[in-house]
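Peer 1: Got a structure here, written out as structure tokens. Questions coming.
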Amino acid sequence: MNKAKIIEEKVFRYLSGFATFSLIAMLAFIIVIIFVKGFNSLSLEMVFKTPKGGYYYGGEGGVLNAIIGSLYIALGATIISILIGMPAALYINVHLVRKKRTQNTIRYLLDALWGIPSIVYGAFGFTLMLYLGLNASLLAGIITVALLITPIVVRTFDEVLNTIPKGLHEAGLALGSTKSEMAFKIMFKQGFSGFITAVLLAFGRGIGDAASVLFTAGYTDLIPVNLDEPAATLPLAIFFQLGSPIPEVRERAFAAAAILTIIILVISISARAISKQFSKTNIK
Amino acid sequence: MLLKRKLFDKISGAWMVTTLVTILLLPLIIGVGLYFKASPLFEHQSLLTLIGTSEWLPHEGKFGFWPFIASSLYVTLLAFLLSAPVCLLAAIYLTEFSSSRLIKIMHPVIDILAGLPSVIYGVWGILVIVPFVSDVLAPVLNIKSSGYTILAGGIVLAVMCIPYILNMIIEVFRTVPIGMKEASLSLGATEWESVKHVVVKKSYPGIISAFGLGIAKAFGETMAVMMVVGNMVQAKFNPFEAGYPLPALIANNYGEMLSIPMYDSALMFAALLLLVIILVINMVFRYFIYKTRER
């Protein structure tokens, strides 16, 4: 063996190892920076109070309006996306199970759909809103975010359903089940862990996405009570407060960023734990 | 009893088809909706002048999108150049060299990186990358810069795209049959040589596709880029100048959109442009990926 070969081998081993570990470092770096900056001005008041008068000049208050607004929008959008996305994913894997070509075409289109950026959904949501005669409101925000996350629900759930062995299908059909019983009583149960992952993933996207609610949900200091009222969202609260020239308000933006990061981390970690829990009872 | 079951089957089956068809028609509906809103613009100016000119004077009804398209392309290109080598190397390490314990750690790391909202990346960019560009990089090169630049946008975007591209490349590498690599090893090639000449070569179309899809994602990313890129209308090709990408244009001006005539059409045209470009890139490269998977 010549020496150049060995050196090349070594160099690339270390280089690729370095690239991998730098990703861990990068994540740690981002989270540490956000937390260190954010915890400076993070207080209970931030989390449990709505903005009071003069809040945007450094006065008292918190971002409860944005936290609740984000949760409302993400929750509403997730419910709609489950109602639309779950049956669609089941249909691909139950009714179309013998049509490989159709399945592949549908997956191909869904993947392409996943790539559409959220700002485009936001712009479309805005046109839809004007068309339906709505104002910037909770409802308009929910509809737009639902459009954004439905492809995620379908594709993630479908990915898990696709791995379920075909024998289970045949067993179900042989026992005389109809196709929808097959879908809801067997496939849905067996793929439940994937369903939870899909829902939580979509929920996280719904909370974190700013570009789609920018046009459609509006912004307010109050907690929305009705669907036709505007709603503040956490990402937009961060964005607007960062634009302020007053240092205290900017500090609060960092605190709000820390809150959002914590929410996302909790969702992401619980998604893993829950999906592990539910896949235990699956038929292997 | 049987009737009830049959009826339920019919109804739920119909609902399932309806939902699936609706979802699949969504891009078309979005496209038509945006086109409908943007169409007044086309009566005014031709498509070529819209894309090719760089005069941006909304009050006078002059809409030249070139500065925004150029900024978008530039930021995307920078992000691609910065993220592509890292993704490729990390994917090689994770599929060929690493221990299974590291893989177990890396899965959540990649997932969390992919799941962080773009606003968070934006905040991080403002806190870290912008000062880095203005206080460290610019003085070294003897340039004055505010830090809110195309370069900052490119760096933040690169970090955002890494988990996305990496996941796809890993998936592509996993489809290479292990026997091929073993054959190469048994013929006396070193581990790296087998990776270079067999694994990478075999998954070449997949890697290109992953990069292409990453570029499409970078092209449409809004908030994070908008927060660090400076947002000034100018078509200068200097990474230390501020830029104004297409998505930022839409997001920044929605407030005054309805007060200036034709402005809303112009912004909807920008959204349509984004949709068409990204959808085309996506469909082309996804097609490649599906072709490689079938083989």
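Please note that chains go A, B, ... in the order of the structure tokens, that every chain numbers its residues from 1, and that ligands are numbered from 1 in the order shown.
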Taking only C-alpha atoms into account, what are the residues of chain A at most 6 Å from chain B, put as number ranges by chain?

Peer 2: A: 9, 16-17, 19-20, 84, 87-88, 91, 112, 117, 120, 180, 208

Peer 1: Contacts of Ser43 in chain A at 10 Å or less, counting only C-alpha atoms, minus same-chain residues fewer than 4 places along, as a PDB file with C-alpha atoms, in the first residue's frame?

Peer 2:
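Full text of part.pdb as output:
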```
ATOM      1  CA  GLY A  38     -33.237  34.862  26.497  1.00  0.00           C
ATOM      2  CA  PHE A  39     -33.001  33.901  30.163  1.00  0.00           C
ATOM      3  CA  VAL A  47     -45.091  34.141  30.245  1.00  0.00           C
ATOM      4  CA  PHE A  48     -48.265  34.909  32.197  1.00  0.00           C
ATOM      5  CA  GLY A  62     -45.574  39.848  28.692  1.00  0.00           C
ATOM      6  CA  ARG A 252     -37.910  40.710  25.452  1.00  0.00           C
ATOM      7  CA  ALA A 255     -36.867  36.008  25.932  1.00  0.00           C
TER       8      ALA A 255
END
```

Peer 1: Report, in Å to a single decimal, how far apart CA of Tyr35 in chain B and CA of Leu83 in chain A are.

Peer 2: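 These atoms are spaced 28.5 Å apart.
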
Peer 1: Excluding Phe215 in chain A and residues on its chain fewer than 4 positions from it, collect all residues at most 9 Å away from it, counting only C-alpha atoms, and give them as a VMD selection string.

Peer 2: (chain A and resid 122 to 123 125 to 126 136 141 211) or (chain B and resid 251 254 to 255)

Peer 1: Name the residues in contact with Gly52 in chain B at a cut-off of 10 Å, using only C-alpha atoms, excluding same-chain residues fewer than 4 positions from it; report them as a PDB file with C-alpha atoms, in the first residue's frame.

Peer 2:
```pdb
ATOM      1  CA  SER B  46     -44.925  42.072 -20.239  1.00  0.00           C
ATOM      2  CA  LEU B  47     -43.506  39.141 -18.330  1.00  0.00           C
ATOM      3  CA  LEU B  48     -40.036  39.825 -19.673  1.00  0.00           C
ATOM      4  CA  GLY B  64     -38.832  45.456 -12.059  1.00  0.00           C
ATOM      5  CA  PHE B  65     -38.189  42.243 -10.180  1.00  0.00           C
ATOM      6  CA  TRP B  66     -34.599  41.674 -11.240  1.00  0.00           C
ATOM      7  CA  PRO B  67     -32.917  43.024  -8.035  1.00  0.00           C
ATOM      8  CA  ILE B  69     -34.505  37.673  -8.158  1.00  0.00           C
TER       9      ILE B  69
END
```

Peer 1: CA of Ser41 in chain A and CA of Thr220 in chain A are how many Å apart?

Peer 2: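 Taking CA of Ser41 in chain A and CA of Thr220 in chain A, their separation equals 22.0 Å.
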
Peer 1: Pick from A:Leu168, A:Val97, A:Val63, A:Ala89: nearest to Arg155 in chain A, with only C-alpha atoms counted?

Peer 2: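 Ranking A:Leu168, A:Val97, A:Val63, A:Ala89 by distance to Arg155 in chain A, first place goes to A:Ala89.
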
Peer 1: Pick out the closest residue to Gly212 in chain B from this set: B:Lys62, B:Ser72, B:Cys161, B:Ser265. Count only C-alpha atoms.

Peer 2: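 The shortest atom-to-atom distance to Gly212 in chain B comes from B:Cys161.
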
Peer 1: Record the distance separating CA of Thr144 in chain A and CA of Ala210 in chain B, expressed in Å with one decimal.

Peer 2: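 Computing the Euclidean distance for CA of Thr144 in chain A and CA of Ala210 in chain B yields 27.6 Å.
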
Peer 1: Calculated over only C-alpha atoms, which of the candidates B:Leu82, B:Ala70, B:Ile51, B:Val198 has the smallest distance to Gln234 in chain B?

Peer 2: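 Residue with the minimum atom-to-atom distance to Gln234 in chain B: B:Ala70.
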
Peer 1: Taking into account only C-alpha atoms, which residue in the set A:Gly218, A:Gly133, A:Pro165, A:Gly176 is nearest to Ser70 in chain A?

Peer 2: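 Under the stated criterion, the closest residue is A:Gly218.
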
Peer 1: Which residue, B:Leu78, B:Leu151, B:Leu141, B:Val172, has the smallest gap to Val229 in chain B when you use only C-alpha atoms?

Peer 2: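 Closest residue, counting only C-alpha atoms: B:Leu151.
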
Peer 1: Which of range 80-177 of chain A counts as helix (DSSP H, G or I) under DSSP, as a ChimeraX atom specification please?

Peer 2: /A:80-94,100-114,118-132,138-161,166-174

Peer 1: Of the candidates A:Lys37, A:Arg107, A:Arg101, A:Arg272, which shows the shortest atom-to-atom distance to Ala198 in chain A, using only C-alpha atoms?

Peer 2: A:Arg272
